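> Please read through the structure below; I'll follow up with questions.
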Amino acid sequence: MMWVRRHIYAAARLGALVAPLLAANAASAGDEKAGARVFKRCAVCHDVGPKAQHKLGPHLNGIMGRKAGHTDGFVFSKAMKKAGDDGLVWTDKTISEFVKNPRKFVKGTRMTAGALRSADDRANLVAFLRQYSDKPSDIPEAPRTVPPTSPDLDPKIFAVKGDPEYGEYLSSECVSCHLPGKDDKGIPSIAGWGEKDFVAVMHAFKIKKRESPVMQMIAGRLSDEEIASLAAYFAKATK
Amino acid sequence: MTVTRRGFIATAGAVSATLYAPAVLGAARPKAVVIGGGAGGATAARYIAKGAKGAIDVTLIEPTRTYYTCFFSNLYIGGYRSFESLGHSYGKLASDYGVNVVHDWAIGIDRDKKMISLAGGEKVPYDRLIVSPGVDFVDGSVPGWSVSAQNKMPHAYKAGSQTQLLKAQVEAMPENGVYVMVAPPNPYRCPPGPYERISMVAHVLKKTKPKAKILIFDPKPKFSKMALFQEGWENHYKGMIEWVGGDFGKVSEVRPDTMEVVVDGEATKASVCNVVPAMKAGKIAEMGGLTNAKGWCEIVPATLQSRVDENIHVVGDATQNGDMPKSGFAANSQAKVAAMAVRSALTGSKMFPAKFSNTCWSLIDDNDGVKVGASYKPTEEKIAKIDGFISKTGEDAALRKKTYEESLAWYDGITSDMFG
Ligand SMILES: Cc1cc2nc3c(=O)[nH]c(=O)nc-3n(C[C@H](O)[C@H](O)[C@H](O)COP(=O)(O)OP(=O)(O)OC[C@H]3O[C@@H](n4cnc5c(N)ncnc54)[C@H](O)[C@@H]3O)c2cc1C
C-alpha cells in the first residue's frame, strides 16, 4: 500500500484536498451514494478508502482489475488464491456475480456472508467500489478535511488571523506526538501544510466531523485564534 | 544520602568541561539550571535553550550519561524492543542547543544563595532552577524490602539495570513458577505501568512457560484502565493472572532471602518477586525543602513554580499538581510550560496561557494497544482536568493495532522532543 501514503501527502500539501471522490460523486451521484449504503453490509469485514486496512476480509482499494486472492498482506483461503491463479480477475461483472452468491461463485471461499440478491444493489455497490479503484493514487489517505467551503464551517473561521509566535508555543504540545518530516505510520507529520487546509482539518476534529479521540480532545479546546496561530506556524515549519 | 548511592563514585568528579566554557554573550547572561535529565528535565532544558537562542545560560545536571526511558521498558521485558532502543544520550542538547550538561548528582540546594552543590564538590549558581528528579521509594512501605534487596526482589521502576535484571529473572523462571508483583499504592509514576508490566510478563510466559502463574498483590481496590486490562488478560492469558485487590489481602511482609511474600499471615513462595514500593518525590526535592508532608512538591499551576520558592519550578513525577498523572507525557507537557515561564522571567519573553495534556498508551499483547488521555488547564489551586478519553472494551483489532502504532510514533516524537 505504499502508493497511498507518499503521493497523497504531497498532494494534500499542495492544497489538492478536496477529494477526487467529490468530483466523481458529482458525475453520477445516485449510484455511488446508494452503493455506499449497500457497502455498509460489507463494512463489518471490509475497509475501503482512506487508511483502509485488512479486517476480517481484505481491504478493497484498487480491487478492479486485480487477480482474485492476491491483495498484499492478507491471507486468503486456498480456494480464493487458486481462483485467481486460474484466471479470476475482479471486474464489475465478476464482483457482482461473486456477491450474488459467494460460495457458489468461488467454491470454498471463506467469505460466507454478503449474498446480495438485488441486481440494483449490486450495480450500485460496484459503482461505489469503482471509486476506490480507478485511480488508486488519488484515494485520499484519510478523510483529511472538511473542504473549505463546507457548510459546517463558518467562512469567517478562515479569516481569523493567527500569531505565529503563539503558534510556536502552542505547537510544543503537538510535537510530542507529531514528528516533523516523519513517515506517516502511526501519527502523520503536520508540518508544511497550507494554512487553509490546516484550519479546515483542525476544525473538522473540533466539531467531531473527523474521528480520532486524541485529536478531537486537542482541537476541542483550541479557540479559532489558536487554530489560526498553529496554522500560521506549521505552514512555515520545516518538514 | 545521595553520596552513598551506587555508581556515585564513578560519576563523581566527571564534571563536564563545558560547565566552564566561556559564555558566548559574556558573563551577564541569566542562568537557568535544571536538575534531572529525564522526561521533565531534558525537555525543560531543551525548550529554554531553544527559545532563548543563546540569551540564557542553561545547565543540566544529570548523573547518568545514558537515560533509559521507563516508558517502553515494559515492552523490552515483553520482547518487543531492544534494551539499546530505550537509551538516549545528551549529546545533541550540548552540541545543537548549547546546554551545559553536567554529569553529577545535585546534593543540596541553598535557596538563599541560589546555589546548588554537586556531589563532586562543585557549586552551580542559578537565577531560576527547574527541579525534575522523578521519584524515590518510601522507606519501609513494603516491610522487609529495602533498596538493598533490589537485586533479589527488583522494582524495575527506574529503567536500566533493574529492568534487565527483571527480564532475566522472568526468563529463568521454572516451568511452574510464580511471578508475584507487589503493586504500589497511589500516587505513583505511570498508573497503568504495573499492569502493562503484568501483560508483558504474561506474554513471555505464555510462549515459554505456559504453566507459570502471575499473582498481583495490590493495595488498591481498583487500578488504571482496569476493565481494559482485565478484558485483555481474559482474552490473551486466560487463567494465568490473578489480581488480589486491597480489600482481599494485604502484604504484611516480604522475605527476600527466602523469596516469600506474606499476605494476611500466609507466606507465598515466589520464583520472581517484583516489588514496586510506595513513592515520593526524588530525594533532592526533599533536601531542598520543596516537599510537603506527603513527600511531594506543591506547585503554582500556571507556571509550575514551587509553592515555597518562586525561583524554583518543579515538574514531572515529583509534583503534586492536582489532576495530572505522573507520566512521561505529563512531565514533558509541564516542562514546556515551566520553560516558557523561566524564559519569560529571565528575558521578558511573552507568556502564553498554559495548556497541558497527557496520553498513556499500554500494550496488552501483540498489536493490542489501549490508551487513556486527557487535557488540563491551570486553576488557582490545581492543574484541573478539562476533558478526556479512554479506549473501550470490545474494540476491534484494527483499532487496537492503530492505537499500538500511535504509541510507537509517540515514542519517537517524545524522545526527539526531549533530546533533540
Ligand atoms: C514501567 C514504566 C512504564 C512507563 N510507561 C510510561 C508510558 O508509557 N508513558 C508515559 O508517559 N510515562 C510512562 N512512565 C512514566 C515515566 O517514565 C515518568 O513519569 C517520567 O519519566 C517522569 O519524568 P521526570 O522528569 O519526572 O522523572 P525521570 O524521567 O525519572 O527523570 C528524573 C531524572 O533525574 C535524575 N536525578 C534524580 N536525582 C537527581 C539528583 N539529585 N541530581 C541530578 N539528577 C538527579 C535521574 O537520574 C533521572 O534521570 C512509565 C514508568 C514506568 C516505571
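Following the order of the C-alpha cells, first chain is A, next is B, and so on, with residues numbered from 1 inside each chain and ligands from 1 in the order they appear.
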For stretch 87-90 of chain B, please output as an mmCIF file with N, CA, C and O atoms, in the first residue's frame all residues within 8 Å (counting only C-alpha atoms; exclusion window: fewer than 3 positions along the same chain).


```
data_model
loop_
_atom_site.group_PDB
_atom_site.id
_atom_site.type_symbol
_atom_site.label_atom_id
_atom_site.label_comp_id
_atom_site.auth_asym_id
_atom_site.auth_seq_id
_atom_site.Cartn_x
_atom_site.Cartn_y
_atom_site.Cartn_z
ATOM 1 N N ARG B 65 24.910 9.112 31.989
ATOM 2 C CA ARG B 65 25.254 9.567 30.637
ATOM 3 C C ARG B 65 24.251 9.073 29.605
ATOM 4 O O ARG B 65 24.119 9.635 28.536
ATOM 5 N N THR B 66 23.616 7.990 29.935
ATOM 6 C CA THR B 66 22.566 7.481 29.055
ATOM 7 C C THR B 66 21.291 7.382 29.869
ATOM 8 O O THR B 66 21.272 6.751 30.928
ATOM 9 N N TYR B 67 20.247 8.012 29.376
ATOM 10 C CA TYR B 67 18.952 7.946 30.046
ATOM 11 C C TYR B 67 18.166 6.803 29.426
ATOM 12 O O TYR B 67 17.936 6.781 28.223
ATOM 13 N N TYR B 68 17.785 5.830 30.241
ATOM 14 C CA TYR B 68 16.922 4.756 29.760
ATOM 15 C C TYR B 68 15.485 5.115 30.118
ATOM 16 O O TYR B 68 15.190 5.365 31.292
ATOM 17 N N THR B 69 14.628 5.158 29.107
ATOM 18 C CA THR B 69 13.246 5.555 29.367
ATOM 19 C C THR B 69 12.514 4.440 30.101
ATOM 20 O O THR B 69 12.597 3.277 29.723
ATOM 21 N N PHE B 83 17.013 -3.430 24.453
ATOM 22 C CA PHE B 83 17.408 -2.564 25.559
ATOM 23 C C PHE B 83 18.032 -1.269 25.031
ATOM 24 O O PHE B 83 17.738 -0.180 25.526
ATOM 25 N N GLU B 84 18.870 -1.415 24.009
ATOM 26 C CA GLU B 84 19.543 -0.228 23.453
ATOM 27 C C GLU B 84 18.528 0.808 22.972
ATOM 28 O O GLU B 84 18.770 2.000 23.066
ATOM 29 N N LEU B 93 21.748 17.868 23.059
ATOM 30 C CA LEU B 93 21.393 19.017 23.891
ATOM 31 C C LEU B 93 22.601 19.923 24.032
ATOM 32 O O LEU B 93 22.489 21.147 24.042
ATOM 33 N N ALA B 94 23.781 19.299 24.155
ATOM 34 C CA ALA B 94 25.003 20.089 24.265
ATOM 35 C C ALA B 94 25.391 20.678 22.915
ATOM 36 O O ALA B 94 25.573 21.892 22.783
ATOM 37 N N VAL B 101 25.878 20.302 29.879
ATOM 38 C CA VAL B 101 25.408 19.087 30.523
ATOM 39 C C VAL B 101 26.459 18.647 31.534
ATOM 40 O O VAL B 101 27.609 18.388 31.180
ATOM 41 N N THR B 415 10.779 11.312 22.495
ATOM 42 C CA THR B 415 12.213 11.243 22.764
ATOM 43 C C THR B 415 12.966 12.284 21.939
ATOM 44 O O THR B 415 13.935 12.860 22.410
ATOM 45 N N PHE B 419 15.330 15.137 23.643
ATOM 46 C CA PHE B 419 16.789 15.129 23.443
ATOM 47 C C PHE B 419 17.245 15.817 22.156
ATOM 48 O O PHE B 419 18.428 15.893 21.898
#
```

> Which chain B residues are at most 10 Å from chain A (counting only C-alpha atoms), as a PyMOL selection string?

chain B and resi 47+51+329+332-334+336-337+340+350-359+371-376+386-391+396-399+401-418

> At a cut-off of 7 Å and counting only C-alpha atoms and all ligand atoms, what residues surround ligand 1? Please answer as a ChimeraX atom specification.

/B:2,35-41,61-64,67,69-74,104-107,132-135,156-159,189-190,193-194,197,282-284,315-318,326-331,359-362

> Include N, CA and C atoms and write out the residues we just selected as a compact mmCIF listing (two decimals), in the first residue's frame.


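Output (selection_22.txt):
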```
# COMPACT_ATOMS: atom_id res chain seq x y z
N THR B 2 22.65 10.89 49.14
CA THR B 2 22.96 10.56 47.76
C THR B 2 24.37 9.99 47.59
N ILE B 35 17.76 20.42 37.29
CA ILE B 35 18.23 19.21 37.97
C ILE B 35 17.41 18.02 37.49
N GLY B 36 18.08 17.04 36.90
CA GLY B 36 17.40 15.84 36.41
C GLY B 36 17.18 15.90 34.92
N GLY B 37 17.74 14.94 34.19
CA GLY B 37 17.64 14.96 32.73
C GLY B 37 16.67 13.92 32.21
N GLY B 38 15.51 13.78 32.84
CA GLY B 38 14.51 12.82 32.38
C GLY B 38 13.45 13.50 31.53
N ALA B 39 12.25 12.91 31.54
CA ALA B 39 11.18 13.41 30.68
C ALA B 39 10.91 14.88 30.94
N GLY B 40 10.90 15.28 32.21
CA GLY B 40 10.66 16.69 32.52
C GLY B 40 11.90 17.54 32.29
N GLY B 41 13.02 17.14 32.87
CA GLY B 41 14.22 17.97 32.87
C GLY B 41 14.84 18.16 31.49
N ILE B 61 21.88 19.26 35.09
CA ILE B 61 22.63 18.38 35.99
C ILE B 61 21.97 17.01 36.01
N GLU B 62 22.70 16.01 35.57
CA GLU B 62 22.13 14.66 35.45
C GLU B 62 23.28 13.66 35.62
N PRO B 63 23.18 12.77 36.61
CA PRO B 63 24.30 11.87 36.86
C PRO B 63 24.58 10.85 35.76
N THR B 64 23.57 10.37 35.08
CA THR B 64 23.83 9.29 34.12
C THR B 64 24.11 9.86 32.73
N TYR B 67 20.25 8.01 29.38
CA TYR B 67 18.95 7.95 30.05
C TYR B 67 18.17 6.80 29.43
N THR B 69 14.63 5.16 29.11
CA THR B 69 13.25 5.55 29.37
C THR B 69 12.51 4.44 30.10
N CYS B 70 11.77 4.85 31.13
CA CYS B 70 10.85 3.89 31.75
C CYS B 70 9.76 3.56 30.76
N PHE B 71 9.33 4.57 30.00
CA PHE B 71 8.29 4.27 29.01
C PHE B 71 8.90 3.34 27.96
N PHE B 72 8.14 2.34 27.65
CA PHE B 72 8.52 1.24 26.75
C PHE B 72 9.47 0.24 27.40
N SER B 73 9.85 0.44 28.68
CA SER B 73 10.70 -0.57 29.31
C SER B 73 9.92 -1.86 29.52
N ASN B 74 8.60 -1.74 29.68
CA ASN B 74 7.80 -2.97 29.75
C ASN B 74 7.81 -3.71 28.42
N ASP B 104 26.63 14.76 37.09
CA ASP B 104 26.90 14.64 38.53
C ASP B 104 25.57 14.67 39.27
N TRP B 105 25.61 14.29 40.54
CA TRP B 105 24.42 14.40 41.38
C TRP B 105 24.35 15.78 42.02
N ALA B 106 23.16 16.35 42.07
CA ALA B 106 22.96 17.53 42.92
C ALA B 106 22.74 16.99 44.33
N ILE B 107 23.44 17.54 45.31
CA ILE B 107 23.25 17.03 46.68
C ILE B 107 22.74 18.10 47.63
N SER B 132 13.45 18.40 38.39
CA SER B 132 12.66 17.29 37.83
C SER B 132 13.34 15.96 38.13
N PRO B 133 13.40 15.60 39.42
CA PRO B 133 14.21 14.44 39.81
C PRO B 133 13.45 13.12 39.78
N GLY B 134 12.19 13.14 39.31
CA GLY B 134 11.45 11.89 39.30
C GLY B 134 11.08 11.45 40.70
N VAL B 135 11.05 10.14 40.91
CA VAL B 135 10.60 9.61 42.20
C VAL B 135 11.70 8.87 42.94
N ALA B 156 12.37 -2.54 39.20
CA ALA B 156 12.36 -2.20 37.76
C ALA B 156 11.44 -1.03 37.50
N TYR B 157 11.41 -0.10 38.45
CA TYR B 157 10.56 1.07 38.27
C TYR B 157 11.38 2.32 38.02
N LYS B 158 12.70 2.13 37.94
CA LYS B 158 13.56 3.13 37.31
C LYS B 158 14.29 2.31 36.27
N ALA B 159 14.26 2.76 35.03
CA ALA B 159 14.73 1.89 33.96
C ALA B 159 16.25 1.82 33.95
N ARG B 189 4.22 6.70 39.88
CA ARG B 189 4.51 7.03 38.48
C ARG B 189 3.83 6.03 37.55
N CYS B 190 3.26 6.55 36.50
CA CYS B 190 2.65 5.72 35.46
C CYS B 190 1.56 4.78 35.98
N GLY B 193 1.31 1.47 34.47
CA GLY B 193 2.61 0.80 34.31
C GLY B 193 2.69 -0.61 34.88
N PRO B 194 2.25 -0.82 36.13
CA PRO B 194 2.36 -2.16 36.69
C PRO B 194 1.55 -3.19 35.90
N ARG B 197 3.10 -4.01 32.68
CA ARG B 197 4.19 -4.92 33.01
C ARG B 197 3.68 -6.35 33.12
N GLY B 282 11.69 12.68 44.19
CA GLY B 282 13.12 12.41 44.24
C GLY B 282 13.76 13.15 45.41
N LYS B 283 14.73 12.48 46.05
CA LYS B 283 15.28 12.98 47.32
C LYS B 283 15.76 14.43 47.29
N ILE B 284 16.31 14.84 46.14
CA ILE B 284 16.87 16.20 46.11
C ILE B 284 15.79 17.25 46.38
N VAL B 315 8.75 20.12 38.03
CA VAL B 315 7.91 19.48 37.01
C VAL B 315 7.99 17.96 37.13
N GLY B 316 7.06 17.29 36.50
CA GLY B 316 7.11 15.83 36.38
C GLY B 316 6.59 15.10 37.60
N ASP B 317 7.09 13.88 37.76
CA ASP B 317 6.59 12.98 38.80
C ASP B 317 6.66 13.59 40.19
N ALA B 318 7.63 14.47 40.43
CA ALA B 318 7.84 14.99 41.78
C ALA B 318 6.73 15.92 42.25
N LYS B 326 1.29 10.99 36.98
CA LYS B 326 2.75 11.01 36.85
C LYS B 326 3.13 10.17 35.64
N SER B 327 3.33 10.85 34.52
CA SER B 327 3.72 10.12 33.31
C SER B 327 4.77 10.92 32.57
N GLY B 328 5.45 10.26 31.64
CA GLY B 328 6.44 10.94 30.83
C GLY B 328 5.78 12.01 29.97
N PHE B 329 4.62 11.68 29.44
CA PHE B 329 3.88 12.64 28.62
C PHE B 329 3.57 13.88 29.44
N ALA B 330 3.10 13.67 30.67
CA ALA B 330 2.72 14.80 31.53
C ALA B 330 3.94 15.63 31.90
N ALA B 331 5.05 14.95 32.22
CA ALA B 331 6.28 15.65 32.60
C ALA B 331 6.74 16.54 31.44
N THR B 359 -1.37 11.57 27.43
CA THR B 359 -1.92 10.32 26.90
C THR B 359 -1.00 9.20 27.35
N CYS B 360 -1.55 8.13 27.88
CA CYS B 360 -0.75 6.96 28.24
C CYS B 360 -1.23 5.76 27.45
N TRP B 361 -0.35 5.22 26.65
CA TRP B 361 -0.66 4.00 25.90
C TRP B 361 -0.16 2.80 26.70
N SER B 362 -0.84 1.67 26.56
CA SER B 362 -0.31 0.44 27.14
C SER B 362 -0.51 -0.68 26.14
```

> Report, in Å with one decimal, the straight-line distance from atom CA of B:Gly78 to atom CA of B:Met200.

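Value for the atom CA of B:Gly78-atom CA of B:Met200 distance: 4.4 Å.
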
> Taking only stretch 17-116 of chain B into account, list the residues labelled strand (DSSP E) by DSSP (computed from the backbone), as a JSON list (two decimals) with N, CA, C and O atoms, in the first residue's frame.


```json
[["chain", "number", "residue", "atom", "x", "y", "z"],
["B", 31, "LYS", "N", 21.11, 32.81, 34.39],
["B", 31, "LYS", "CA", 21.38, 31.39, 34.46],
["B", 31, "LYS", "C", 20.13, 30.59, 34.81],
["B", 31, "LYS", "O", 19.51, 30.80, 35.85],
["B", 32, "ALA", "N", 19.83, 29.63, 33.94],
["B", 32, "ALA", "CA", 18.78, 28.66, 34.26],
["B", 32, "ALA", "C", 19.46, 27.32, 34.47],
["B", 32, "ALA", "O", 20.30, 26.91, 33.67],
["B", 33, "VAL", "N", 19.13, 26.67, 35.58],
["B", 33, "VAL", "CA", 19.71, 25.36, 35.86],
["B", 33, "VAL", "C", 18.57, 24.35, 35.99],
["B", 33, "VAL", "O", 17.50, 24.67, 36.53],
["B", 34, "VAL", "N", 18.81, 23.15, 35.46],
["B", 34, "VAL", "CA", 17.80, 22.09, 35.54],
["B", 34, "VAL", "C", 18.43, 20.91, 36.27],
["B", 34, "VAL", "O", 19.52, 20.47, 35.91],
["B", 35, "ILE", "N", 17.76, 20.42, 37.29],
["B", 35, "ILE", "CA", 18.23, 19.21, 37.97],
["B", 35, "ILE", "C", 17.41, 18.02, 37.49],
["B", 35, "ILE", "O", 16.18, 18.00, 37.66],
["B", 57, "ASP", "N", 21.89, 31.19, 29.88],
["B", 57, "ASP", "CA", 22.91, 30.18, 30.10],
["B", 57, "ASP", "C", 22.22, 28.96, 30.75],
["B", 57, "ASP", "O", 21.73, 29.06, 31.87],
["B", 58, "VAL", "N", 22.12, 27.87, 30.02],
["B", 58, "VAL", "CA", 21.35, 26.73, 30.50],
["B", 58, "VAL", "C", 22.27, 25.58, 30.92],
["B", 58, "VAL", "O", 23.11, 25.14, 30.14],
["B", 59, "THR", "N", 22.10, 25.12, 32.15],
["B", 59, "THR", "CA", 22.89, 23.99, 32.65],
["B", 59, "THR", "C", 21.95, 22.86, 33.05],
["B", 59, "THR", "O", 20.93, 23.10, 33.72],
["B", 60, "LEU", "N", 22.29, 21.66, 32.64],
["B", 60, "LEU", "CA", 21.50, 20.49, 33.02],
["B", 60, "LEU", "C", 22.37, 19.57, 33.89],
["B", 60, "LEU", "O", 23.47, 19.19, 33.48],
["B", 61, "ILE", "N", 21.88, 19.26, 35.09],
["B", 61, "ILE", "CA", 22.63, 18.38, 35.99],
["B", 61, "ILE", "C", 21.97, 17.01, 36.01],
["B", 61, "ILE", "O", 20.79, 16.89, 36.39],
["B", 66, "THR", "N", 23.62, 7.99, 29.94],
["B", 66, "THR", "CA", 22.57, 7.48, 29.05],
["B", 66, "THR", "C", 21.29, 7.38, 29.87],
["B", 66, "THR", "O", 21.27, 6.75, 30.93],
["B", 67, "TYR", "N", 20.25, 8.01, 29.38],
["B", 67, "TYR", "CA", 18.95, 7.95, 30.05],
["B", 67, "TYR", "C", 18.17, 6.80, 29.43],
["B", 67, "TYR", "O", 17.94, 6.78, 28.22],
["B", 68, "TYR", "N", 17.79, 5.83, 30.24],
["B", 68, "TYR", "CA", 16.92, 4.76, 29.76],
["B", 68, "TYR", "C", 15.48, 5.11, 30.12],
["B", 68, "TYR", "O", 15.19, 5.36, 31.29],
["B", 87, "GLY", "N", 17.71, 3.62, 25.30],
["B", 87, "GLY", "CA", 18.76, 4.51, 25.79],
["B", 87, "GLY", "C", 18.90, 5.77, 24.93],
["B", 87, "GLY", "O", 18.84, 5.71, 23.71],
["B", 88, "HIS", "N", 19.09, 6.90, 25.59],
["B", 88, "HIS", "CA", 19.25, 8.17, 24.88],
["B", 88, "HIS", "C", 20.36, 8.97, 25.55],
["B", 88, "HIS", "O", 20.45, 9.00, 26.77],
["B", 89, "SER", "N", 21.17, 9.63, 24.74],
["B", 89, "SER", "CA", 22.27, 10.40, 25.33],
["B", 89, "SER", "C", 21.99, 11.89, 25.20],
["B", 89, "SER", "O", 21.08, 12.31, 24.49],
["B", 100, "ASN", "N", 24.79, 23.27, 28.84],
["B", 100, "ASN", "CA", 25.92, 22.70, 29.58],
["B", 100, "ASN", "C", 25.41, 21.46, 30.29],
["B", 100, "ASN", "O", 24.60, 21.57, 31.21],
["B", 101, "VAL", "N", 25.88, 20.30, 29.88],
["B", 101, "VAL", "CA", 25.41, 19.09, 30.52],
["B", 101, "VAL", "C", 26.46, 18.65, 31.53],
["B", 101, "VAL", "O", 27.61, 18.39, 31.18],
["B", 102, "VAL", "N", 26.06, 18.61, 32.81],
["B", 102, "VAL", "CA", 26.99, 18.27, 33.88],
["B", 102, "VAL", "C", 26.59, 16.92, 34.43],
["B", 102, "VAL", "O", 25.48, 16.76, 34.96],
["B", 106, "ALA", "N", 23.16, 16.35, 42.07],
["B", 106, "ALA", "CA", 22.96, 17.53, 42.92],
["B", 106, "ALA", "C", 22.74, 16.99, 44.33],
["B", 106, "ALA", "O", 21.96, 16.05, 44.52],
["B", 107, "ILE", "N", 23.44, 17.54, 45.31],
["B", 107, "ILE", "CA", 23.25, 17.03, 46.68],
["B", 107, "ILE", "C", 22.74, 18.10, 47.63],
["B", 107, "ILE", "O", 22.55, 17.85, 48.82],
["B", 108, "GLY", "N", 22.52, 19.29, 47.15],
["B", 108, "GLY", "CA", 21.97, 20.31, 48.02],
["B", 108, "GLY", "C", 21.56, 21.54, 47.23],
["B", 108, "GLY", "O", 22.12, 21.82, 46.17],
["B", 109, "ILE", "N", 20.53, 22.22, 47.73],
["B", 109, "ILE", "CA", 20.11, 23.48, 47.11],
["B", 109, "ILE", "C", 20.11, 24.54, 48.20],
["B", 109, "ILE", "O", 19.35, 24.44, 49.17],
["B", 110, "ASP", "N", 20.98, 25.53, 48.07],
["B", 110, "ASP", "CA", 20.98, 26.65, 49.01],
["B", 110, "ASP", "C", 20.08, 27.72, 48.40],
["B", 110, "ASP", "O", 20.50, 28.46, 47.50],
["B", 115, "MET", "N", 22.18, 28.57, 45.00],
["B", 115, "MET", "CA", 23.39, 27.82, 44.66],
["B", 115, "MET", "C", 23.15, 26.33, 44.88],
["B", 115, "MET", "O", 22.59, 25.93, 45.89],
["B", 116, "ILE", "N", 23.59, 25.55, 43.91],
["B", 116, "ILE", "CA", 23.42, 24.09, 44.01],
["B", 116, "ILE", "C", 24.78, 23.46, 44.30],
["B", 116, "ILE", "O", 25.78, 23.84, 43.69]]
```

> Hey, can you check how far atom CA of A:Ala237 sits from atom CA of A:Pro50?

25.6 Å

> Find the residues around B:Val300 up to 8 Å (only C-alpha atoms counted), leave out those fewer than 5 positions away in its own chain, and share them as a list in words.

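What passes the distance filter is Gln305, Ser306, Arg307, Glu380, Glu381 and Lys382 of chain B.
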
> Restricting the calculation to only C-alpha atoms: of B:Lys238, B:Lys222, B:Lys152, B:Lys385, which residue gets closest to B:Ala270?

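Among the listed residues, the smallest separation from B:Ala270 belongs to B:Lys152.
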
> Which residues are close to B:Asp365, i.e. within 8 Å by only C-alpha atoms, leaving aside same-chain residues fewer than 6 positions away? Reply as a list of chain:residue names.

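Everything that qualifies: B:Ser199, B:Met200, B:His203, B:Gly232, B:His236.
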
> Store the residues picked out above in a file with all heavy atoms, as an mmCIF file, in the first residue's frame.


```cif
data_model
loop_
_atom_site.group_PDB
_atom_site.id
_atom_site.type_symbol
_atom_site.label_atom_id
_atom_site.label_comp_id
_atom_site.auth_asym_id
_atom_site.auth_seq_id
_atom_site.Cartn_x
_atom_site.Cartn_y
_atom_site.Cartn_z
ATOM 1 N N SER B 199 1.074 -7.631 31.778
ATOM 2 C CA SER B 199 0.701 -8.108 30.442
ATOM 3 C C SER B 199 1.933 -8.597 29.683
ATOM 4 O O SER B 199 1.896 -9.632 29.018
ATOM 5 C CB SER B 199 0.032 -6.987 29.638
ATOM 6 O OG SER B 199 -1.022 -6.399 30.381
ATOM 7 N N MET B 200 3.011 -7.831 29.795
ATOM 8 C CA MET B 200 4.224 -8.182 29.051
ATOM 9 C C MET B 200 4.874 -9.446 29.624
ATOM 10 O O MET B 200 5.386 -10.282 28.882
ATOM 11 C CB MET B 200 5.217 -7.011 29.069
ATOM 12 C CG MET B 200 4.743 -5.803 28.291
ATOM 13 S SD MET B 200 4.581 -6.080 26.506
ATOM 14 C CE MET B 200 2.853 -6.493 26.377
ATOM 15 N N HIS B 203 2.875 -12.269 28.423
ATOM 16 C CA HIS B 203 3.156 -12.514 27.009
ATOM 17 C C HIS B 203 4.374 -13.432 26.852
ATOM 18 O O HIS B 203 4.383 -14.352 26.032
ATOM 19 C CB HIS B 203 3.389 -11.166 26.313
ATOM 20 C CG HIS B 203 3.859 -11.271 24.905
ATOM 21 N ND1 HIS B 203 3.015 -11.565 23.864
ATOM 22 C CD2 HIS B 203 5.103 -11.147 24.367
ATOM 23 C CE1 HIS B 203 3.717 -11.603 22.738
ATOM 24 N NE2 HIS B 203 4.983 -11.359 23.016
ATOM 25 N N GLY B 232 -8.365 -7.831 28.474
ATOM 26 C CA GLY B 232 -7.213 -8.307 27.705
ATOM 27 C C GLY B 232 -6.606 -9.564 28.312
ATOM 28 O O GLY B 232 -6.233 -10.498 27.608
ATOM 29 N N HIS B 236 -6.266 -12.969 26.289
ATOM 30 C CA HIS B 236 -4.956 -13.441 25.839
ATOM 31 C C HIS B 236 -4.299 -14.416 26.811
ATOM 32 O O HIS B 236 -3.486 -15.230 26.415
ATOM 33 C CB HIS B 236 -3.999 -12.261 25.643
ATOM 34 C CG HIS B 236 -4.461 -11.245 24.648
ATOM 35 N ND1 HIS B 236 -4.579 -11.522 23.310
ATOM 36 C CD2 HIS B 236 -4.850 -9.955 24.797
ATOM 37 C CE1 HIS B 236 -5.009 -10.446 22.676
ATOM 38 N NE2 HIS B 236 -5.183 -9.482 23.557
#
```

> Compile the contact shell of B:Glu260 as a ChimeraX atom specification: residues with an atom at most 7 Å away, counting only C-alpha atoms, same-chain residues fewer than 5 positions apart removed.

/B:254-255,267-270

> Grab the residues selected above and save them as a tab-separated table (two decimals), in the first residue's frame with all heavy atoms.


```
chain	number	residue	atom	x	y	z
B	254	VAL	N	7.64	-8.91	53.05
B	254	VAL	CA	8.30	-9.76	52.05
B	254	VAL	C	9.61	-10.24	52.66
B	254	VAL	O	10.21	-9.57	53.51
B	254	VAL	CB	8.58	-9.02	50.71
B	254	VAL	CG1	7.27	-8.61	50.05
B	254	VAL	CG2	9.49	-7.82	50.90
B	255	ARG	N	10.05	-11.45	52.25
B	255	ARG	CA	11.28	-12.02	52.77
B	255	ARG	C	12.22	-12.33	51.61
B	255	ARG	O	12.16	-13.41	51.03
B	255	ARG	CB	10.98	-13.30	53.55
B	255	ARG	CG	10.09	-13.07	54.77
B	255	ARG	CD	9.67	-14.37	55.41
B	255	ARG	NE	8.75	-14.13	56.53
B	255	ARG	CZ	7.79	-14.97	56.91
B	255	ARG	NH1	7.63	-16.14	56.26
B	255	ARG	NH2	7.01	-14.68	57.93
B	267	ALA	N	2.37	-17.23	53.99
B	267	ALA	CA	3.52	-16.98	53.12
B	267	ALA	C	3.34	-17.65	51.76
B	267	ALA	O	2.94	-18.81	51.68
B	267	ALA	CB	4.80	-17.47	53.78
B	268	THR	N	3.58	-16.90	50.69
B	268	THR	CA	3.55	-17.47	49.33
B	268	THR	C	4.96	-17.45	48.80
B	268	THR	O	5.67	-16.45	48.92
B	268	THR	CB	2.67	-16.60	48.40
B	268	THR	OG1	1.36	-16.52	48.97
B	268	THR	CG2	2.60	-17.17	47.01
B	269	LYS	N	5.38	-18.55	48.20
B	269	LYS	CA	6.72	-18.62	47.63
B	269	LYS	C	6.68	-18.08	46.20
B	269	LYS	O	5.80	-18.44	45.42
B	269	LYS	CB	7.15	-20.09	47.64
B	269	LYS	CG	8.59	-20.32	47.37
B	269	LYS	CD	9.34	-20.77	48.64
B	269	LYS	CE	10.78	-21.06	48.27
B	269	LYS	NZ	11.75	-20.41	49.13
B	270	ALA	N	7.63	-17.22	45.89
B	270	ALA	CA	7.67	-16.64	44.56
B	270	ALA	C	8.94	-17.06	43.83
B	270	ALA	O	9.99	-17.21	44.45
B	270	ALA	CB	7.63	-15.11	44.66
```

> Using only C-alpha atoms, which protein or nucleic acid residues come within 12 Å of B:Val204? Drop anything in the same chain fewer than 3 positions from it, and give the result as number ranges by chain.

B: 74-80, 167-173, 179, 197-201, 207-214, 236-237, 240, 364-366

> So which one's closest to B:Gly177, B:Asn321, B:Ala49, B:Ala149, B:Val272? Using only C-alpha atoms, please.

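Under the stated criterion, the closest residue is B:Val272.
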